[in-house]
Each structure stands twice: as structure tokens, then as C-alpha cells.
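Peer 1: Provided herewith is a single structure, encoded as C-alpha cells, for subsequent inquiry.
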Amino acid sequence: MNVQFRPESSTSASIKTAIADGDIHPARATNAELYPFMAKRWHGHLETYGKQAYHGMMEGPPYPKAQPNASRRDAWPPEGGPQGSSLSFMQKQLLDPYNVALGVLNPLNSGQGLRNQDLAGAICSAINDWQIEKWTSKDSRLKASIVVPTEDGVAAAAEIRKRAGDKNFVQVLLLSRNVEPLGQRRYWPIYEAAAEIGLPVGIHAFGFGGNPLTPSGWPSFYIEEMVGHAQCQQTVLASVVLEGVFERYPKLKMVMIEAGFGWAPSLAWRLDKTFERLHSEVPHLKRKPSEYIRDHIWWTTQPMEDPERREHLFQVIEWIGWDRLLFATDYPHWDFDEPSRVLPAGVSDANREAFYLGNAKKLYGIS
Amino acid sequence: MTSPIAGGVDCDLHPAVPHLTSLLPYMNDYWRDQVTTRGMTDLVSQSYPTNSPISSRPDWRPGQGKPGAVLADMQRQALDRFQVSYGICNPLYGVQMVFSEDMQDAFCRALNDWLVKEWLDKDERLRGSIVIPTQSVEKSVAEIERCATDKRFVQVLMLVMGDMPLGKRAYWPIYAAAERLGLPIGIHAGSAYHNPPTSIGWGSYHIEDYVAQATAFQNQLTSLIVEGVFARHPALKMVMLESGFTWLPAYLWRLHKFWRGVRMETPWVDRAPAEIVRSNIRFSLQPVDAPPDPATLNRLFDHMQSDELLLFSTDYPHWHFDGDEVLPPGLSADLVRKIMIDNPLATYGRLTKVKETTP
């Protein structure tokens with residue numbers, strides 16, 4: 001996981017079969033890279049007032065990362081700029097050596113999680129244009145995610161519909177931590193639009209929505225924030241299921257990105273057991289929670305849970321379903337999962353192919 | 001089903017306070033007057049609405065009043081029924097919701113005294129947990145010391161959702177007192193509702209709050225481990241009550257991975273998280289969040305890599321099982337004995353103290 005645990009020659013450990021990478025983070029070399037895609041009014045606004053997220057920092061994250069930009073120390077592009085900001089270096093370090101046939105871009109640090117919704121909308125729309133201009137139009141292996149001003153469901157839906165039919169985009173991207181749990185109705189226009197244009201909604205760990213990171217308030221450490229993404233993601237999934245989002249939008253598919261997956265069986269069992277008792281509170285649910293999860297949810301793999309005995313993890317995958325996992329590296333971040341070392345021998349060829357490539361191609365409609 | 005054996009320890013019983021006015025005899029004049037002249041209402045928490053199906057098994061629900069409010073019912077339905085030698089009372093009366101440390105202190109003292117008089121004095125199998133006014137660490141420590149002179153108090157009780165993550169250093173004097181007095185810290189499901197009840201805000205439903213309890217336990221375990229509570233207090237035991245436990249293996253796999261990756265941030269964490277859990281953390285049995293199929297359960301027990309983690313509980317009168325199916329199917333006789341007798345006795349050092357010292 002950490003760079004110090006990876007062999008020094010990791011990039012030479014290329015694997016021959018093609019893979020999909022469900023979580024790549026493209027970065028901007030400078031903020032001004034976005035300006036051509038934004039009305040002039042916003043350039044001055046950003047320089048004067050900044051982004052004003054739902055946390056206090058004008059710049060950078062409230063929990064300092066373990067290393068700069070939470071990125072691999074070897075991921076600085078030779079031509080300068082932050083990690084993940086150079087297409088040619090991404091090709092050299094990730095896409096070519098690992099034979100990535102499909103790479104899904106998930107831009108973080110976008111307009112999501114901002115308090116000013118007009119600014120949020122302007123940045124998100126610019127990021128979407130920028131993904132085409134800088135990435136997907138230059139390398140056909142890369143596909144983009146539509147980022148939206150999440151807290152303004154109507155504007156978000158309009159941004160999604162604007163991209164309908166554009167083959168550069170393969171999903172709508174939300175972050176897990178928002179002003180309210182993602183099952184709440186203010187977000188339903190997003191789901192309606194995504195279902196309408198036939199794209200899955202990816203929910204990536206991270207973001208700040210103004211709520212303390214635990215139900216007991218703010219923790220002290222970065223590791224608590226990182227480990228805590230699994231708890232936030234479980235709560236997101238519970239909210240979406242219990243609010244009846246999948247009853248309302250039966251064609252909607254969701255991807256849980258970068259929050260682990262080992263928690264899924266236990267959460268589904270707990271939901272089912274509690275639902276058995278409390279069904280009368282949520283009569284809008286027509287099926288057991290686990291059934292919605294089985295039909296509507298996919299998971300990206302990174303960061304893979306790390307048991308003492310690896311067969312335990314594969315028993316958990318059996319409970320989830322080999323058809324539901326999408327391999328991801330999280331490039332260029334420090335907790336990169338090395339594709340050639342994720343699955344041990346003994347996994348069947350069919351499951352291996354589904355895990356590395358087939359599930360993603362099917363979900364994202366790539367032939 | 002797996003049959004329970006006689007002589008076990010029920011580690012999670014909930015005697016109900018009938019009403020705030022039931023505590024008046026245990027308050028001083030000032031607080032009695034406050035409660036009555038201000039027209040204070042009963043402190044029932046949203047975590048357990050009285051009539052919610054999870055708050056009581058249907059056949060344990062009394063004709064009137066709150067489930068768990070009558071000793072004779074608890075004796076017949078739980079203590080006698082499962083032939084336990086000890087039952088630990090964890091009152092879930094909503095005193096944690098109070099914001100004033102003075103009021104909370106008065107209510108906690110009344111609650112603890114009420115437990116002694118109305119329950120512990122009336123059935124010698126019963127033991128108690130000390131409910132503390134966490135709005136003041138100083139008052140919490142004083143209440144622990146006051147109650148601990150009665151050996152029938154075997155634990156300190158806190159809620160899993162409070163004001164701050166439980167590992168925070170501000171709470172450590174509580175842990176020091178508990179360790180010194182041989183009292184485990186019991187952390188029970190439930191919220192003070194001083195923060196939104198989930199890590200992503202307020203949901204819409206009771207079921208959402210209840211499902212989220214398990215994730216709140218996960219957050220608290222992380223906090224307790226990475227803040228270094230067990231490096232400072234290696235003899236301190238903590239018991240997760242009504243937490244569920246099937247989430248534990250995958251949770252630890254994730255925590256372990258990140259601990260290895262960023263341990264430079266918390267260098268005082270001197271052992272692997274799973275090792276800390278095995279030595280210092282225990283879990284009550286109910287609810288068992290897993291399908292009732294022995295193969296799945298045994299696989300989960302295998303993932304837990306220890307047979308010392310679980311402590312028998314009915315969670316009376318909460319509704320997690322029907323009939324006598326308090327133990328999940330497929331447990332070996334050896335594991336049943338561990339869960340029902342050996343593990344609780346090893347965890348609660350004060351359980352047997354009264355018998356030893358009473359002539």
C-alpha cells in the first residue's frame with residue numbers, strides 16, 4: 001500500500017492482460033488551467049475569495065495528508081506540476097506498463113463540497129470540459145466522470161443532461177460526505193438525470209459536508225479520517241437504500257469508490273436484520289435491503305482490505321460476488337494498489353478477468 | 001439452534017427507569033424542585049423509542065409501562081430462563097442527552113442509586129454499570145469513585161455516540177480511574193444526539209440511526225486505538241455492547257493496512273490494532289448481524305481469529321432473537337462455554353468479588 005512497501009521496480013512489473021482502472025485522479029498543473037472553461041467573472045472571484053468549502057481551510061485539507069497531495073513520491077511529473085497533472089507521465093507510469101485498456105477519471109478537488117453553489121456549478125462544468133480537452137480527447141483509453149454541484153440537485157441534473165450521449169463520460173461522480181446523507185431527496189434530481197442518460201453514479205470517498213466525521217464529533221488524526229471513509233460509505237449506502245432511491249430509480253447503478261468493500265456483507269446482514277424488525281417505518285421498501293444492494297451496487301477495489309490470511313478476503317468476495325468488483329489503482333495516490341499483486345494464484349480465470357476488466361467494461365458500457 | 005448452558009453471565013440487560021419522577025427520591029431538594037417546577041419530561045432517547053419493535057421483544061412487552069421496568073419480568077424472561085449466575089444491568093435512561101454537567105451529574109447519581117436500591121438489592125445475581133456524566137470528566141471520575149465502593153458495580157457505562165471521540169485525551173482520567181478500580185468501560189449503542197447520529201449527517205429514519213450504531217463503534221475503536229488509550233492503560237478492558245461484531249474482521253483488515261501505512265502519525269501505538277483488540281476489547285453477543293446459517297457464522301468466527309472476544313448477552317428486553325435462540329446456530333460446546341462463562345468472568349474481574357467477601 002504505502003510506497004515504502006512496494007518493490008522499487010514496481011513499474012516494470014507489467015502484466016500482459018489488459019485491465020481497467022476504476023479510479024484515476026487527474027490533476028491540474030495550475031488552477032489557471034481551468035480558466036478557459038469558466039466565465040471571467042469566476043477568475044476574479046476565485047482569486048479574491050477562494051473556494052470556501054464546508055471546512056475552515058482556505059487551502060489544503062483540514063487533516064494534513066501523510067505526504068504531499070497524498071501522492072506517491074515517484075509520481076511528480078518530470079516537466080513539473082503536481083502528481084497526476086501530466087498525461088504523458090501518466091501514460092508512462094500507469095497506462096502503458098499496466099496495460100490499462102479503460103481508465104476512469106475521477107477528478108477530486110473540483111467544485112464539489114463548496115458553499116457557493118454558483119461557483120460550484122461553474123467549476124464543475126469547467127472540470128468536465130477540461131477532462132475532455134486535456135485527457136479523454138488525447139488518449140482514448142481514458143474516460144471521464146461528470147462532476148456536479150452536488151448540493152444544488154437541480155443544477156447538478158442540468159449538468160448531467162448537458163453531457164447526455166457524450167461518449168467521453170462514463171459515470172456521474174459524487175463524493176461520500178455532503179451536507180446531508182446521499183439518500184436525501186435534495187439529491188434525487190441527480191439520480192433521476194443519471195438514470196435517464198444511462199450512466200452509473202460513482203460515489204467516491206472524501207469531501208467535507210459540514211458534519212463531524214464521526215457521530216461523536218471530530219477525530220484527531222488523518223488515519224481516523226482515512227479509516228473512517230469506510231464508515232461514511234456504509235452510511236451513504238444505508239441512506240440510499242433506506243430512502244428508497246432504488247425503488248424510485250430502478251435502473252440506477254452505483255459504484256462505491258475507494259472506501260473498501262470488506263464491510264459490505266456485514267452491513268447488508270445488519271440492514272436485513274434490522275429491516276425485518278422495522279419494516280413498518282419504511283414501507284416504501286418493497287424488497288430486503290440486501291437485494292437492492294446486490295442488484296444496484298458495484299465496488300472499486302482499492303484500497304483492498306489486508307487480512308493476515310488472504311483467503312479470508314476471498315471468502316468475503318464470494319459473499320459480495322465476483323461480478324461486482326472493479327479493480328482500481330487510485331493513481332497517483334500513495335495507497336496505490338499494484339495490479340500484479342492484488343489477486344493471488346488460485347482465483348479462476350473467469351473471476352480474474354471479471355475483476356480486472358470484464359465487470360468494468362460491462363458496467364461502463366465499453367465494448 | 002445452539003442450547004445455552006446454565007451458569008452463564010448475561011452481560012447486557014436493560015432495566016428501565018419508569019419515568020424521570022422515579023428518580024426524584026434519589027435527588028436532593030434542589031434537583032427535585034428543578035424537575036417538578038420546570039415540568040421536565042421523561043428522558044426517553046430516540047435511540048430506543050419505547051414502542052419501537054427493536055426496543056422490546058413482543059412477548060417481553062408488558063401490558064403497560066416500559067419494557068424492562070419490572071424486576072419479576074426480567075427474572076422470569078431472562079435471568080431464570082437462561083439460568084444465568086450473573087446479569088449485568090446497563091441502564092439506557094437518556095441522561096446522556098442532558099447538556100448541563102450539573103444536571104447530568106445529579107441525574108446520573110440518582111440513576112446509579114436507583115439501580116442499587118430497585119434492582120441490585122433485590123436480586124443477588126444482578127450487577128450494575130456506573131452511568132457517568134460525561135459533560136464533566138471531573139464529575140465522571142468522582143461518580144466512578146463514589147459507586148466503586150459497592151463491589152456490585154462491575155463496569156463504567158458510556159454511549160457510543162457522544163460529544164467527542166472516546167479516545168480523546170480529555171477522557172483519559174475516566175479510563176485511569178476505571179483501570180485503577182478494576183472496572184471495564186462498557187460502550188453501549190445509543191446517541192446523546194449532541195452530534196448528528198451518522199458521520200454524514202442526519203438521516204430520516206429510526207432504522208438508519210440503528211444501523212449506524214455499528215459504524216459508530218467502528219469510529220470509536222479507531223479513536224481508542226490510535227489515540228493510544230491502551231498503550232497508556234494496558235490493563236483497561238473495554239466492552240462494546242449491542243455493537244454487532246460481524247463487522248470486526250473487515251474493519252480490522254482496513255485499520256491494519258492504514259496503520260502500517262501512516263503509523264508515523266501515531267508512533268505511540270505500539271502493537272498492531274488486531275492485537276490490541278484481542279487483549280483489550282470485548283463484544284457482547286447480541287445482535288448477531290449475520291444470516292442464521294452455521295457455515296457463514298463459523299467462517300466469521302474464523303475471520304475473528306479468537307474465541308475470547310464475545311460475551312454472552314440477551315440484550316433484554318431488546319428484540320434480536322425469538323424463543324430461546326439466544327445463541328446462533330452451529331456453535332461448538334467449547335465456544336458456548338467460553339462465550340457464556342469463561343470470557344465474561346475473565347473480563348469482569350469484580351463479578352465474583354461480592355461472593356468472595358460476603359460471609
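Identifiers in this document derive from the order of the C-alpha cells: chains are assigned A, B, ..., residues are numbered from 1 separately in each chain, and ligands are numbered from 1 in order of occurrence.
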List as a Markdown table every residue of chain B that is in contact with chain A, defined as an atom at most 7 Å from one of its atoms (using only C-alpha atoms), together with the nearest atom pair and the distance in Å rounded to one decimal, sorted by chain and then rising number.

Peer 2:
| residue | atom | partner | partner_atom | distance |
| --- | --- | --- | --- | --- |
| B:Pro53 | CA | A:Arg277 | CA | 5.9 |
| B:Ile54 | CA | A:Arg277 | CA | 6.4 |
| B:Met161 | CA | A:Ser216 | CA | 4.8 |
| B:Gly162 | CA | A:Ser216 | CA | 4.7 |
| B:Asp163 | CA | A:Ser216 | CA | 5.1 |
| B:Met164 | CA | A:Ser216 | CA | 4.8 |
| B:Pro165 | CA | A:Ser216 | CA | 5.2 |
| B:Asn195 | CA | A:Pro215 | CA | 5.7 |
| B:Pro196 | CA | A:Pro215 | CA | 5.8 |
| B:Pro197 | CA | A:Pro215 | CA | 5.0 |
| B:Thr198 | CA | A:Pro215 | CA | 5.0 |
| B:Ser199 | CA | A:Thr214 | CA | 4.4 |
| B:Ile200 | CA | A:Pro181 | CA | 5.4 |
| B:Gly201 | CA | A:Glu180 | CA | 5.2 |
| B:Trp202 | CA | A:Glu180 | CA | 6.6 |
| B:Gly203 | CA | A:Pro181 | CA | 6.3 |
| B:Ile207 | CA | A:Leu278 | CA | 6.5 |
| B:Glu208 | CA | A:Ser239 | CA | 6.9 |
| B:Val211 | CA | A:Leu271 | CA | 6.4 |
| B:Ala212 | CA | A:Thr235 | CA | 6.5 |
| B:Thr215 | CA | A:Gln231 | CA | 5.3 |
| B:Ala216 | CA | A:Pro215 | CA | 6.3 |
| B:Asn219 | CA | A:Thr214 | CA | 6.4 |
| B:Thr222 | CA | A:Glu224 | CA | 6.4 |
| B:Ser223 | CA | A:Glu224 | CA | 6.8 |
| B:Thr246 | CA | A:Ser266 | CA | 5.8 |
| B:Trp247 | CA | A:Ser266 | CA | 5.4 |
| B:Ala250 | CA | A:Gly262 | CA | 5.1 |
| B:Tyr251 | CA | A:Trp263 | CA | 6.8 |
| B:Trp253 | CA | A:Asp306 | CA | 4.8 |
| B:Arg254 | CA | A:Glu305 | CA | 4.9 |
| B:Leu255 | CA | A:Val227 | CA | 6.0 |
| B:Lys257 | CA | A:Asp306 | CA | 5.8 |
| B:Phe258 | CA | A:Ile223 | CA | 6.6 |
| B:Gly261 | CA | A:Asn2 | CA | 5.2 |
| B:Val262 | CA | A:Ala66 | CA | 6.5 |
| B:Asp289 | CA | A:Arg270 | CA | 4.8 |
| B:Ala290 | CA | A:Trp269 | CA | 5.2 |
| B:Pro291 | CA | A:Trp269 | CA | 6.6 |
| B:His303 | CA | A:His312 | CA | 6.3 |

Peer 1: Among stretch 179-315 of chain A, which ones does DSSP assign to helix (DSSP H, G or I) (computed from the backbone)? Answer as a PyMOL selection string.

Peer 2: chain A and resi 185-197+222-242+245-248+264-281+289-296+310-315

Peer 1: For those residues, write C-alpha atoms to a file as a PDB file, in the first residue's frame.

Peer 2:
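File part_29.pdb, as written:
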ATOM      1  CA  ARG A 185     -34.367  13.963  -1.576  1.00  0.00           C
ATOM      2  CA  ARG A 186     -32.333  17.065  -2.380  1.00  0.00           C
ATOM      3  CA  TYR A 187     -30.041  14.701  -4.320  1.00  0.00           C
ATOM      4  CA  TRP A 188     -32.763  12.811  -6.185  1.00  0.00           C
ATOM      5  CA  PRO A 189     -32.645  15.039  -9.306  1.00  0.00           C
ATOM      6  CA  ILE A 190     -29.071  13.792  -9.726  1.00  0.00           C
ATOM      7  CA  TYR A 191     -30.183  10.168  -9.670  1.00  0.00           C
ATOM      8  CA  GLU A 192     -33.102  10.870 -11.966  1.00  0.00           C
ATOM      9  CA  ALA A 193     -30.837  12.504 -14.553  1.00  0.00           C
ATOM     10  CA  ALA A 194     -28.161   9.802 -14.282  1.00  0.00           C
ATOM     11  CA  ALA A 195     -30.723   7.036 -14.736  1.00  0.00           C
ATOM     12  CA  GLU A 196     -32.228   8.930 -17.638  1.00  0.00           C
ATOM     13  CA  ILE A 197     -28.962   9.238 -19.560  1.00  0.00           C
ATOM     14  CA  TYR A 222      -5.528  11.648   9.450  1.00  0.00           C
ATOM     15  CA  ILE A 223      -5.626   7.882   9.936  1.00  0.00           C
ATOM     16  CA  GLU A 224      -9.051   8.278  11.539  1.00  0.00           C
ATOM     17  CA  GLU A 225     -10.280  10.213   8.540  1.00  0.00           C
ATOM     18  CA  MET A 226      -8.882   7.585   6.178  1.00  0.00           C
ATOM     19  CA  VAL A 227     -10.149   4.524   8.024  1.00  0.00           C
ATOM     20  CA  GLY A 228     -13.402   6.417   8.600  1.00  0.00           C
ATOM     21  CA  HIS A 229     -14.199   6.562   4.903  1.00  0.00           C
ATOM     22  CA  ALA A 230     -15.436   3.002   5.235  1.00  0.00           C
ATOM     23  CA  GLN A 231     -17.881   4.106   7.940  1.00  0.00           C
ATOM     24  CA  CYS A 232     -19.065   7.107   5.919  1.00  0.00           C
ATOM     25  CA  GLN A 233     -19.522   4.941   2.864  1.00  0.00           C
ATOM     26  CA  GLN A 234     -21.555   2.350   4.766  1.00  0.00           C
ATOM     27  CA  THR A 235     -23.790   5.129   5.987  1.00  0.00           C
ATOM     28  CA  VAL A 236     -24.169   6.531   2.481  1.00  0.00           C
ATOM     29  CA  LEU A 237     -25.190   3.131   1.204  1.00  0.00           C
ATOM     30  CA  ALA A 238     -27.648   2.621   4.069  1.00  0.00           C
ATOM     31  CA  SER A 239     -29.161   6.046   3.393  1.00  0.00           C
ATOM     32  CA  VAL A 240     -29.566   5.468  -0.332  1.00  0.00           C
ATOM     33  CA  VAL A 241     -31.167   2.063   0.224  1.00  0.00           C
ATOM     34  CA  LEU A 242     -33.419   3.062   3.122  1.00  0.00           C
ATOM     35  CA  VAL A 245     -33.726   5.585  -4.138  1.00  0.00           C
ATOM     36  CA  PHE A 246     -33.654   2.252  -5.973  1.00  0.00           C
ATOM     37  CA  GLU A 247     -37.429   1.867  -5.768  1.00  0.00           C
ATOM     38  CA  ARG A 248     -37.745   5.306  -7.314  1.00  0.00           C
ATOM     39  CA  ALA A 264     -20.371  -4.887   2.580  1.00  0.00           C
ATOM     40  CA  PRO A 265     -21.605  -8.324   3.750  1.00  0.00           C
ATOM     41  CA  SER A 266     -21.846  -7.342   7.400  1.00  0.00           C
ATOM     42  CA  LEU A 267     -23.660  -4.116   6.539  1.00  0.00           C
ATOM     43  CA  ALA A 268     -26.119  -5.963   4.320  1.00  0.00           C
ATOM     44  CA  TRP A 269     -26.803  -8.538   7.049  1.00  0.00           C
ATOM     45  CA  ARG A 270     -27.345  -5.802   9.620  1.00  0.00           C
ATOM     46  CA  LEU A 271     -29.645  -3.892   7.279  1.00  0.00           C
ATOM     47  CA  ASP A 272     -31.684  -7.022   6.579  1.00  0.00           C
ATOM     48  CA  LYS A 273     -31.944  -7.997  10.203  1.00  0.00           C
ATOM     49  CA  THR A 274     -32.992  -4.524  11.321  1.00  0.00           C
ATOM     50  CA  PHE A 275     -35.356  -4.188   8.372  1.00  0.00           C
ATOM     51  CA  GLU A 276     -37.109  -7.364   9.487  1.00  0.00           C
ATOM     52  CA  ARG A 277     -37.966  -5.570  12.729  1.00  0.00           C
ATOM     53  CA  LEU A 278     -38.568  -2.044  11.471  1.00  0.00           C
ATOM     54  CA  HIS A 279     -40.149  -2.590   8.070  1.00  0.00           C
ATOM     55  CA  SER A 280     -43.220  -0.639   9.142  1.00  0.00           C
ATOM     56  CA  GLU A 281     -41.169   2.549   9.355  1.00  0.00           C
ATOM     57  CA  PRO A 289     -32.049  -4.079   1.669  1.00  0.00           C
ATOM     58  CA  SER A 290     -29.519  -6.720   0.622  1.00  0.00           C
ATOM     59  CA  GLU A 291     -31.476  -7.317  -2.583  1.00  0.00           C
ATOM     60  CA  TYR A 292     -31.204  -3.667  -3.621  1.00  0.00           C
ATOM     61  CA  ILE A 293     -27.511  -3.812  -2.842  1.00  0.00           C
ATOM     62  CA  ARG A 294     -26.990  -6.990  -4.843  1.00  0.00           C
ATOM     63  CA  ASP A 295     -28.751  -5.521  -7.883  1.00  0.00           C
ATOM     64  CA  HIS A 296     -27.569  -1.908  -7.858  1.00  0.00           C
ATOM     65  CA  ARG A 310      -5.613 -13.722   2.414  1.00  0.00           C
ATOM     66  CA  GLU A 311      -8.173 -16.457   1.908  1.00  0.00           C
ATOM     67  CA  HIS A 312     -10.403 -14.580   4.349  1.00  0.00           C
ATOM     68  CA  LEU A 313     -10.685 -11.701   1.909  1.00  0.00           C
ATOM     69  CA  PHE A 314     -11.630 -14.040  -0.886  1.00  0.00           C
ATOM     70  CA  GLN A 315     -14.361 -15.559   1.249  1.00  0.00           C
TER      71      GLN A 315
END

Peer 1: What is the atom CA of A:Asn128 to atom CA of A:Pro78 distance in Å?

Peer 2: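 Atom CA of A:Pro78 lies at a distance of 25.6 Å from atom CA of A:Asn128.
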